[in-house]
file my_file-v8.tsv (TSV, N, CA and C atoms)
chain	number	residue	atom	x	y	z
R	1	MET	N	33.77	64.56	127.25
R	1	MET	CA	33.36	65.90	127.61
R	1	MET	C	33.25	66.71	126.32
R	2	MET	N	32.11	67.31	126.10
R	2	MET	CA	31.89	68.11	124.90
R	2	MET	C	31.90	69.58	125.28
R	3	TYR	N	32.45	70.40	124.43
R	3	TYR	CA	32.51	71.83	124.67
R	3	TYR	C	31.75	72.54	123.57
R	4	HIS	N	30.90	73.48	123.96
R	4	HIS	CA	30.12	74.25	123.00
R	4	HIS	C	30.27	75.72	123.35
R	5	GLY	N	30.33	76.56	122.35
R	5	GLY	CA	30.41	77.99	122.60
R	5	GLY	C	31.07	78.72	121.46
R	6	ALA	N	30.54	79.89	121.14
R	6	ALA	CA	31.02	80.65	119.99
R	6	ALA	C	32.37	81.31	120.24
R	7	ASN	N	32.70	81.62	121.49
R	7	ASN	CA	33.92	82.36	121.78
R	7	ASN	C	35.12	81.48	122.12
R	8	ARG	N	35.02	80.22	121.93
R	8	ARG	CA	36.12	79.32	122.28
R	8	ARG	C	37.18	79.36	121.19
R	9	LEU	N	38.44	79.26	121.62
R	9	LEU	CA	39.55	79.42	120.69
R	9	LEU	C	40.10	78.10	120.17
R	10	SER	N	39.99	77.03	120.93
R	10	SER	CA	40.54	75.75	120.51
R	10	SER	C	39.77	75.19	119.33
R	11	ASN	N	40.47	74.44	118.51
R	11	ASN	CA	39.82	73.69	117.46
R	11	ASN	C	39.03	72.57	118.12
R	12	PRO	N	37.71	72.49	117.95
R	12	PRO	CA	36.94	71.46	118.65
R	12	PRO	C	37.31	70.06	118.21
R	13	LEU	N	37.95	69.91	117.08
R	13	LEU	CA	38.33	68.59	116.59
R	13	LEU	C	39.57	68.04	117.29
R	14	ASN	N	40.37	68.91	117.94
R	14	ASN	CA	41.58	68.40	118.58
R	14	ASN	C	41.28	67.76	119.94
R	15	ASN	N	40.09	67.98	120.50
R	15	ASN	CA	39.62	67.27	121.69
R	15	ASN	C	40.54	67.43	122.91
R	16	MET	N	41.13	68.59	123.09
R	16	MET	CA	41.99	68.84	124.24
R	16	MET	C	41.21	69.62	125.31
R	17	ALA	N	41.26	69.14	126.54
R	17	ALA	CA	40.62	69.83	127.65
R	17	ALA	C	41.49	70.98	128.14
R	18	ILE	N	42.82	70.75	128.17
R	18	ILE	CA	43.78	71.77	128.62
R	18	ILE	C	44.96	71.78	127.67
R	19	GLU	N	45.34	72.97	127.25
R	19	GLU	CA	46.54	73.15	126.43
R	19	GLU	C	47.32	74.34	126.98
R	20	THR	N	48.61	74.17	127.21
R	20	THR	CA	49.44	75.29	127.63
R	20	THR	C	50.62	75.42	126.68
R	21	HIS	N	51.09	76.63	126.52
R	21	HIS	CA	52.26	76.88	125.69
R	21	HIS	C	53.19	77.83	126.43
R	22	GLU	N	54.34	77.30	126.86
R	22	GLU	CA	55.37	78.10	127.53
R	22	GLU	C	54.80	78.87	128.73
R	23	LEU	N	53.87	78.27	129.46
R	23	LEU	CA	53.23	78.92	130.60
R	23	LEU	C	54.25	79.10	131.73
R	24	SER	N	54.39	80.32	132.21
R	24	SER	CA	55.39	80.63	133.24
R	24	SER	C	54.81	81.60	134.26
R	25	ARG	N	55.33	81.52	135.48
R	25	ARG	CA	54.94	82.47	136.53
R	25	ARG	C	56.12	82.65	137.48
R	26	SER	N	56.42	83.90	137.75
R	26	SER	CA	57.46	84.20	138.73
R	26	SER	C	56.87	85.16	139.76
R	27	PHE	N	57.44	85.09	140.95
R	27	PHE	CA	57.10	85.99	142.04
R	27	PHE	C	58.39	86.71	142.39
R	28	GLY	N	58.55	87.90	141.86
R	28	GLY	CA	59.82	88.61	142.03
R	28	GLY	C	60.91	87.85	141.28
R	29	LYS	N	61.97	87.52	141.98
R	29	LYS	CA	63.06	86.75	141.37
R	29	LYS	C	62.83	85.24	141.44
R	30	GLN	N	61.80	84.81	142.19
R	30	GLN	CA	61.52	83.38	142.37
R	30	GLN	C	60.66	82.86	141.21
R	31	LEU	N	61.20	81.93	140.43
R	31	LEU	CA	60.48	81.32	139.32
R	31	LEU	C	59.68	80.13	139.85
R	32	ALA	N	58.36	80.19	139.78
R	32	ALA	CA	57.50	79.13	140.31
R	32	ALA	C	57.16	78.09	139.24
R	33	VAL	N	56.88	78.53	138.03
R	33	VAL	CA	56.57	77.65	136.91
R	33	VAL	C	57.34	78.17	135.71
R	34	GLU	N	58.07	77.29	135.04
R	34	GLU	CA	58.90	77.71	133.92
R	34	GLU	C	58.54	76.98	132.64
R	35	LYS	N	57.98	77.72	131.67
R	35	LYS	CA	57.72	77.24	130.30
R	35	LYS	C	57.03	75.88	130.26
R	36	LEU	N	55.88	75.80	130.92
R	36	LEU	CA	55.11	74.56	130.99
R	36	LEU	C	54.33	74.36	129.69
R	37	ASN	N	54.52	73.22	129.06
R	37	ASN	CA	53.78	72.84	127.86
R	37	ASN	C	53.00	71.57	128.16
R	38	LEU	N	51.67	71.66	128.07
R	38	LEU	CA	50.80	70.51	128.33
R	38	LEU	C	49.77	70.40	127.22
R	39	SER	N	49.39	69.19	126.92
R	39	SER	CA	48.23	68.90	126.07
R	39	SER	C	47.51	67.74	126.74
R	40	ILE	N	46.39	68.04	127.39
R	40	ILE	CA	45.65	67.02	128.12
R	40	ILE	C	44.33	66.78	127.40
R	41	PRO	N	44.14	65.59	126.85
R	41	PRO	CA	42.90	65.30	126.12
R	41	PRO	C	41.68	65.33	127.04
R	42	ALA	N	40.53	65.61	126.45
R	42	ALA	CA	39.27	65.55	127.19
R	42	ALA	C	39.06	64.13	127.69
R	43	CYS	N	38.31	63.99	128.76
R	43	CYS	CA	37.98	62.70	129.36
R	43	CYS	C	39.21	61.95	129.87
R	44	THR	N	40.21	62.69	130.32
R	44	THR	CA	41.43	62.11	130.85
R	44	THR	C	41.58	62.50	132.31
R	45	VAL	N	42.00	61.57	133.13
R	45	VAL	CA	42.32	61.87	134.52
R	45	VAL	C	43.80	62.25	134.55
R	46	PHE	N	44.10	63.41	135.11
R	46	PHE	CA	45.46	63.93	135.12
R	46	PHE	C	45.73	64.51	136.49
R	47	GLY	N	46.91	64.29	137.03
R	47	GLY	CA	47.26	64.83	138.34
R	47	GLY	C	48.64	65.44	138.33
R	48	PHE	N	48.86	66.37	139.24
R	48	PHE	CA	50.17	66.98	139.43
R	48	PHE	C	50.81	66.37	140.67
R	49	LEU	N	51.99	65.84	140.53
R	49	LEU	CA	52.74	65.29	141.65
R	49	LEU	C	54.07	66.00	141.74
R	50	GLY	N	54.52	66.26	142.95
R	50	GLY	CA	55.82	66.89	143.13
R	50	GLY	C	55.98	67.39	144.54
R	51	PRO	N	57.20	67.76	144.89
R	51	PRO	CA	57.46	68.24	146.25
R	51	PRO	C	56.88	69.64	146.46
R	52	ASN	N	56.83	70.04	147.73
R	52	ASN	CA	56.40	71.41	148.04
R	52	ASN	C	57.27	72.39	147.27
R	53	GLY	N	56.63	73.40	146.72
R	53	GLY	CA	57.36	74.43	145.98
R	53	GLY	C	57.63	74.09	144.54
R	54	ALA	N	57.05	72.99	144.03
R	54	ALA	CA	57.30	72.58	142.65
R	54	ALA	C	56.46	73.36	141.63
R	55	GLY	N	55.43	74.08	142.08
R	55	GLY	CA	54.61	74.88	141.17
R	55	GLY	C	53.24	74.29	140.86
R	56	LYS	N	52.84	73.27	141.59
R	56	LYS	CA	51.55	72.62	141.34
R	56	LYS	C	50.38	73.58	141.58
R	57	THR	N	50.33	74.18	142.74
R	57	THR	CA	49.24	75.10	143.07
R	57	THR	C	49.27	76.33	142.18
R	58	THR	N	50.44	76.84	141.91
R	58	THR	CA	50.57	78.01	141.02
R	58	THR	C	50.02	77.69	139.64
R	59	THR	N	50.31	76.50	139.14
R	59	THR	CA	49.80	76.09	137.82
R	59	THR	C	48.28	76.04	137.83
R	60	ILE	N	47.69	75.42	138.85
R	60	ILE	CA	46.23	75.34	138.93
R	60	ILE	C	45.62	76.74	139.05
R	61	ARG	N	46.23	77.60	139.82
R	61	ARG	CA	45.72	78.97	139.95
R	61	ARG	C	45.78	79.73	138.64
R	62	MET	N	46.82	79.49	137.84
R	62	MET	CA	46.89	80.13	136.52
R	62	MET	C	45.83	79.55	135.59
R	63	LEU	N	45.68	78.22	135.60
R	63	LEU	CA	44.72	77.57	134.69
R	63	LEU	C	43.28	77.95	135.00
R	64	THR	N	43.00	78.32	136.24
R	64	THR	CA	41.64	78.72	136.61
R	64	THR	C	41.45	80.24	136.60
R	65	GLY	N	42.48	80.97	136.23
R	65	GLY	CA	42.37	82.41	136.13
R	65	GLY	C	42.44	83.15	137.44
R	66	LEU	N	42.83	82.46	138.51
R	66	LEU	CA	42.94	83.14	139.81
R	66	LEU	C	44.16	84.04	139.88
R	67	ILE	N	45.23	83.66	139.18
R	67	ILE	CA	46.40	84.53	139.03
R	67	ILE	C	46.80	84.53	137.56
R	68	ALA	N	47.41	85.61	137.14
R	68	ALA	CA	47.83	85.74	135.74
R	68	ALA	C	49.21	85.14	135.55
R	69	PRO	N	49.44	84.50	134.42
R	69	PRO	CA	50.79	84.02	134.14
R	69	PRO	C	51.72	85.20	133.86
R	70	SER	N	53.01	85.01	134.12
R	70	SER	CA	54.01	86.02	133.77
R	70	SER	C	54.31	85.96	132.29
R	71	ALA	N	54.17	84.78	131.70
R	71	ALA	CA	54.43	84.59	130.26
R	71	ALA	C	53.69	83.34	129.80
R	72	GLY	N	53.52	83.21	128.52
R	72	GLY	CA	52.89	82.04	127.94
R	72	GLY	C	51.39	82.17	127.86
R	73	SER	N	50.75	81.08	127.46
R	73	SER	CA	49.30	81.08	127.28
R	73	SER	C	48.74	79.71	127.61
R	74	ALA	N	47.42	79.68	127.80
R	74	ALA	CA	46.74	78.41	128.07
R	74	ALA	C	45.30	78.51	127.62
R	75	ILE	N	44.77	77.37	127.23
R	75	ILE	CA	43.36	77.24	126.87
R	75	ILE	C	42.80	76.11	127.72
R	76	VAL	N	41.72	76.40	128.43
R	76	VAL	CA	41.07	75.43	129.32
R	76	VAL	C	39.62	75.30	128.88
R	77	GLY	N	39.23	74.11	128.49
R	77	GLY	CA	37.85	73.91	128.05
R	77	GLY	C	37.48	74.74	126.84
R	78	GLY	N	38.47	75.10	126.05
R	78	GLY	CA	38.23	75.91	124.86
R	78	GLY	C	38.29	77.41	125.09
R	79	TYR	N	38.52	77.83	126.32
R	79	TYR	CA	38.59	79.25	126.66
R	79	TYR	C	40.02	79.64	127.00
R	80	GLN	N	40.42	80.81	126.54
R	80	GLN	CA	41.77	81.30	126.81
R	80	GLN	C	41.83	81.93	128.20
R	81	ILE	N	42.83	81.50	129.01
R	81	ILE	CA	42.97	82.14	130.32
R	81	ILE	C	43.38	83.59	130.09
R	82	GLY	N	42.98	84.44	130.97
R	82	GLY	CA	43.21	85.88	130.81
R	82	GLY	C	41.94	86.52	130.32
R	83	PRO	N	41.80	86.69	128.99
R	83	PRO	CA	40.61	87.37	128.47
R	83	PRO	C	39.30	86.63	128.73
R	84	GLN	N	39.35	85.31	128.87
R	84	GLN	CA	38.12	84.54	129.06
R	84	GLN	C	38.15	83.76	130.39
R	85	SER	N	38.86	84.29	131.37
R	85	SER	CA	39.00	83.59	132.65
R	85	SER	C	37.67	83.37	133.37
R	86	SER	N	36.73	84.28	133.23
R	86	SER	CA	35.44	84.06	133.89
R	86	SER	C	34.72	82.87	133.26
R	87	ALA	N	34.84	82.68	131.95
R	87	ALA	CA	34.24	81.51	131.29
R	87	ALA	C	34.96	80.23	131.71
R	88	VAL	N	36.27	80.32	131.90
R	88	VAL	CA	37.02	79.15	132.39
R	88	VAL	C	36.49	78.75	133.75
R	89	ARG	N	36.36	79.70	134.65
R	89	ARG	CA	35.90	79.40	136.02
R	89	ARG	C	34.48	78.83	136.01
R	90	GLN	N	33.65	79.24	135.08
R	90	GLN	CA	32.29	78.71	135.00
R	90	GLN	C	32.28	77.27	134.49
R	91	SER	N	33.33	76.86	133.79
R	91	SER	CA	33.33	75.51	133.20
R	91	SER	C	34.12	74.49	134.00
R	92	VAL	N	34.78	74.91	135.10
R	92	VAL	CA	35.55	73.97	135.92
R	92	VAL	C	35.08	74.03	137.37
R	93	GLY	N	35.44	73.01	138.12
R	93	GLY	CA	35.16	73.01	139.56
R	93	GLY	C	36.49	73.04	140.30
R	94	LEU	N	36.61	73.89	141.30
R	94	LEU	CA	37.85	74.02	142.04
R	94	LEU	C	37.54	74.31	143.50
R	95	LEU	N	38.16	73.54	144.38
R	95	LEU	CA	38.08	73.79	145.81
R	95	LEU	C	39.45	74.24	146.27
R	96	THR	N	39.52	75.34	147.00
R	96	THR	CA	40.82	75.82	147.50
R	96	THR	C	40.84	75.80	149.01

call {"tool": "encode", "arguments": {"input": "my_file-v8.tsv", "output": "structure tokens"}}
result
Amino acid sequence: MMYHGANRLSNPLNNMAIETHELSRSFGKQLAVEKLNLSIPACTVFGFLGPNGAGKTTTIRMLTGLIAPSAGSAIVGGYQIGPQSSAVRQSVGLLT
């Protein structure tokens, strides 16, 4: 998978499709995702496995810009979630 674009933040030489740093999300006092660090190379099949309430859906919603993280950062396809979430959504496919 190749990524092109002037506004992308990732180094194109590192070839990472998804990178997260200390990504966290809480809902009130309930911590759903705590300090998630991922580096997923391009052209890799990756899945989330875990019991109900483990934070799988919350993580995907943060990575696609549907909800904002409480802390941390992520880059998806070379775009930073938050300021470039619309570009992230244009570069991924998601069914909810």

call {"tool": "closest_residue", "arguments": {"input": "my_file-v8.tsv", "among": "R:Asn15, R:Ser86, R:Thr58, R:Gln30", "to": "R:Ala42", "atoms": "all atoms listed in the file"}}
result
R:Asn15

call {"tool": "atom_distance", "arguments": {"input": "my_file-v8.tsv", "atom1": "atom N of R:Gln80", "atom2": "atom N of R:Pro51"}}
result
28.1 Å

call {"tool": "closest_residue", "arguments": {"input": "my_file-v8.tsv", "among": "R:Ile40, R:Ala32, R:Gly78, R:Ile67", "to": "R:Ala54", "atoms": "all atoms listed in the file"}}
result
R:Ala32

call {"tool": "residues_around", "arguments": {"input": "my_file-v8.tsv", "residues": "R:Ala87", "least_positions_apart": "4", "cutoff": "8 Å", "atoms": "all atoms listed in the file", "output": "list in words"}}
result
Val76, Gly77, Gly78, Tyr79, Gln80, Pro83, Ser91 and Val92 of chain R

call {"tool": "axis_aligned_box", "arguments": {"input": "my_file-v8.tsv", "around": "stretch 64-73 of chain R", "padding_each_side": "6 Å", "output": "AutoDock Vina command-line options"}}
result
--center_x 47.9 --center_y 82.2 --center_z 133.6 --size_x 25.0 --size_y 19.7 --size_z 24.6

call {"tool": "residues_around", "arguments": {"input": "my_file-v8.tsv", "residues": "R:Met62", "least_positions_apart": "5", "cutoff": "12 Å", "atoms": "only C-alpha atoms", "output": "MDAnalysis selection string"}}
result
chainID R and resid 18 20 23:26 32:33 36 55:57 67:76 80:82 85 88:89

call {"tool": "atom_distance", "arguments": {"input": "my_file-v8.tsv", "atom1": "atom CA of R:Gly53", "atom2": "atom CA of R:Ser39"}}
result
22.6 Å

call {"tool": "atom_distance", "arguments": {"input": "my_file-v8.tsv", "atom1": "atom C of R:Glu19", "atom2": "atom N of R:Thr59"}}
result
12.7 Å

call {"tool": "select_by_dssp", "arguments": {"input": "my_file-v8.tsv", "residues": "chain R", "states": "strand (DSSP E)", "output": "ChimeraX atom specification"}}
result
/R:16-27,30-41,71-76,79-80

call {"tool": "select_by_dssp", "arguments": {"input": "my_file-v8.tsv", "residues": "chain R", "states": "helix (DSSP H, G or I)", "output": "list in words"}}
result
Pro12, Leu13, Asn14, Lys56, Thr57, Thr58, Thr59, Ile60, Arg61, Met62, Leu63, Ser85, Ser86, Ala87, Val88, Arg89, Gln90 and Ser91 of chain R

call {"tool": "build_atoms", "arguments": {"input": "my_file-v8.tsv", "residues": "stretch 41-52 of chain R", "atoms": "all heavy atoms", "output": "mmCIF file, in the coordinates of the input"}}
result
data_model
loop_
_atom_site.group_PDB
_atom_site.id
_atom_site.type_symbol
_atom_site.label_atom_id
_atom_site.label_comp_id
_atom_site.auth_asym_id
_atom_site.auth_seq_id
_atom_site.Cartn_x
_atom_site.Cartn_y
_atom_site.Cartn_z
ATOM 1 N N PRO R 41 44.140 65.590 126.850
ATOM 2 C CA PRO R 41 42.900 65.300 126.120
ATOM 3 C C PRO R 41 41.680 65.330 127.040
ATOM 4 O O PRO R 41 41.784 65.077 128.248
ATOM 5 C CB PRO R 41 43.122 63.885 125.583
ATOM 6 C CG PRO R 41 44.580 63.635 125.676
ATOM 7 C CD PRO R 41 45.079 64.471 126.814
ATOM 8 N N ALA R 42 40.530 65.610 126.450
ATOM 9 C CA ALA R 42 39.270 65.550 127.190
ATOM 10 C C ALA R 42 39.060 64.130 127.690
ATOM 11 O O ALA R 42 39.604 63.172 127.122
ATOM 12 C CB ALA R 42 38.123 65.976 126.275
ATOM 13 N N CYS R 43 38.310 63.990 128.760
ATOM 14 C CA CYS R 43 37.980 62.700 129.360
ATOM 15 C C CYS R 43 39.210 61.950 129.870
ATOM 16 O O CYS R 43 39.255 60.730 129.844
ATOM 17 C CB CYS R 43 37.193 61.833 128.374
ATOM 18 S SG CYS R 43 35.661 62.603 127.833
ATOM 19 N N THR R 44 40.210 62.690 130.320
ATOM 20 C CA THR R 44 41.430 62.110 130.850
ATOM 21 C C THR R 44 41.580 62.500 132.310
ATOM 22 O O THR R 44 41.312 63.642 132.680
ATOM 23 C CB THR R 44 42.666 62.644 130.071
ATOM 24 O OG1 THR R 44 42.536 62.289 128.710
ATOM 25 C CG2 THR R 44 43.956 62.090 130.617
ATOM 26 N N VAL R 45 42.000 61.570 133.130
ATOM 27 C CA VAL R 45 42.320 61.870 134.520
ATOM 28 C C VAL R 45 43.800 62.250 134.550
ATOM 29 O O VAL R 45 44.646 61.515 134.066
ATOM 30 C CB VAL R 45 42.054 60.672 135.441
ATOM 31 C CG1 VAL R 45 42.495 60.972 136.862
ATOM 32 C CG2 VAL R 45 40.584 60.292 135.394
ATOM 33 N N PHE R 46 44.100 63.410 135.110
ATOM 34 C CA PHE R 46 45.460 63.930 135.120
ATOM 35 C C PHE R 46 45.730 64.510 136.490
ATOM 36 O O PHE R 46 44.868 65.161 137.072
ATOM 37 C CB PHE R 46 45.612 65.029 134.054
ATOM 38 C CG PHE R 46 47.000 65.561 133.910
ATOM 39 C CD1 PHE R 46 47.905 64.951 133.064
ATOM 40 C CD2 PHE R 46 47.411 66.671 134.627
ATOM 41 C CE1 PHE R 46 49.196 65.432 132.928
ATOM 42 C CE2 PHE R 46 48.694 67.172 134.502
ATOM 43 C CZ PHE R 46 49.588 66.543 133.649
ATOM 44 N N GLY R 47 46.910 64.290 137.030
ATOM 45 C CA GLY R 47 47.260 64.830 138.340
ATOM 46 C C GLY R 47 48.640 65.440 138.330
ATOM 47 O O GLY R 47 49.475 65.103 137.492
ATOM 48 N N PHE R 48 48.860 66.370 139.240
ATOM 49 C CA PHE R 48 50.170 66.980 139.430
ATOM 50 C C PHE R 48 50.810 66.370 140.670
ATOM 51 O O PHE R 48 50.207 66.393 141.747
ATOM 52 C CB PHE R 48 50.050 68.497 139.653
ATOM 53 C CG PHE R 48 49.624 69.257 138.437
ATOM 54 C CD1 PHE R 48 48.316 69.690 138.291
ATOM 55 C CD2 PHE R 48 50.537 69.561 137.444
ATOM 56 C CE1 PHE R 48 47.923 70.399 137.181
ATOM 57 C CE2 PHE R 48 50.159 70.274 136.328
ATOM 58 C CZ PHE R 48 48.848 70.687 136.186
ATOM 59 N N LEU R 49 51.990 65.840 140.530
ATOM 60 C CA LEU R 49 52.740 65.290 141.650
ATOM 61 C C LEU R 49 54.070 66.000 141.740
ATOM 62 O O LEU R 49 54.682 66.306 140.722
ATOM 63 C CB LEU R 49 52.991 63.787 141.463
ATOM 64 C CG LEU R 49 51.768 62.890 141.356
ATOM 65 C CD1 LEU R 49 52.204 61.467 141.030
ATOM 66 C CD2 LEU R 49 50.977 62.926 142.647
ATOM 67 N N GLY R 50 54.520 66.260 142.950
ATOM 68 C CA GLY R 50 55.820 66.890 143.130
ATOM 69 C C GLY R 50 55.980 67.390 144.540
ATOM 70 O O GLY R 50 55.013 67.492 145.303
ATOM 71 N N PRO R 51 57.200 67.760 144.890
ATOM 72 C CA PRO R 51 57.460 68.240 146.250
ATOM 73 C C PRO R 51 56.880 69.640 146.460
ATOM 74 O O PRO R 51 56.475 70.319 145.505
ATOM 75 C CB PRO R 51 58.988 68.276 146.323
ATOM 76 C CG PRO R 51 59.429 68.445 144.914
ATOM 77 C CD PRO R 51 58.416 67.719 144.071
ATOM 78 N N ASN R 52 56.830 70.040 147.730
ATOM 79 C CA ASN R 52 56.400 71.410 148.040
ATOM 80 C C ASN R 52 57.270 72.390 147.270
ATOM 81 O O ASN R 52 58.482 72.214 147.171
ATOM 82 C CB ASN R 52 56.537 71.678 149.545
ATOM 83 C CG ASN R 52 55.552 70.880 150.359
ATOM 84 O OD1 ASN R 52 54.584 70.351 149.833
ATOM 85 N ND2 ASN R 52 55.808 70.777 151.652
#
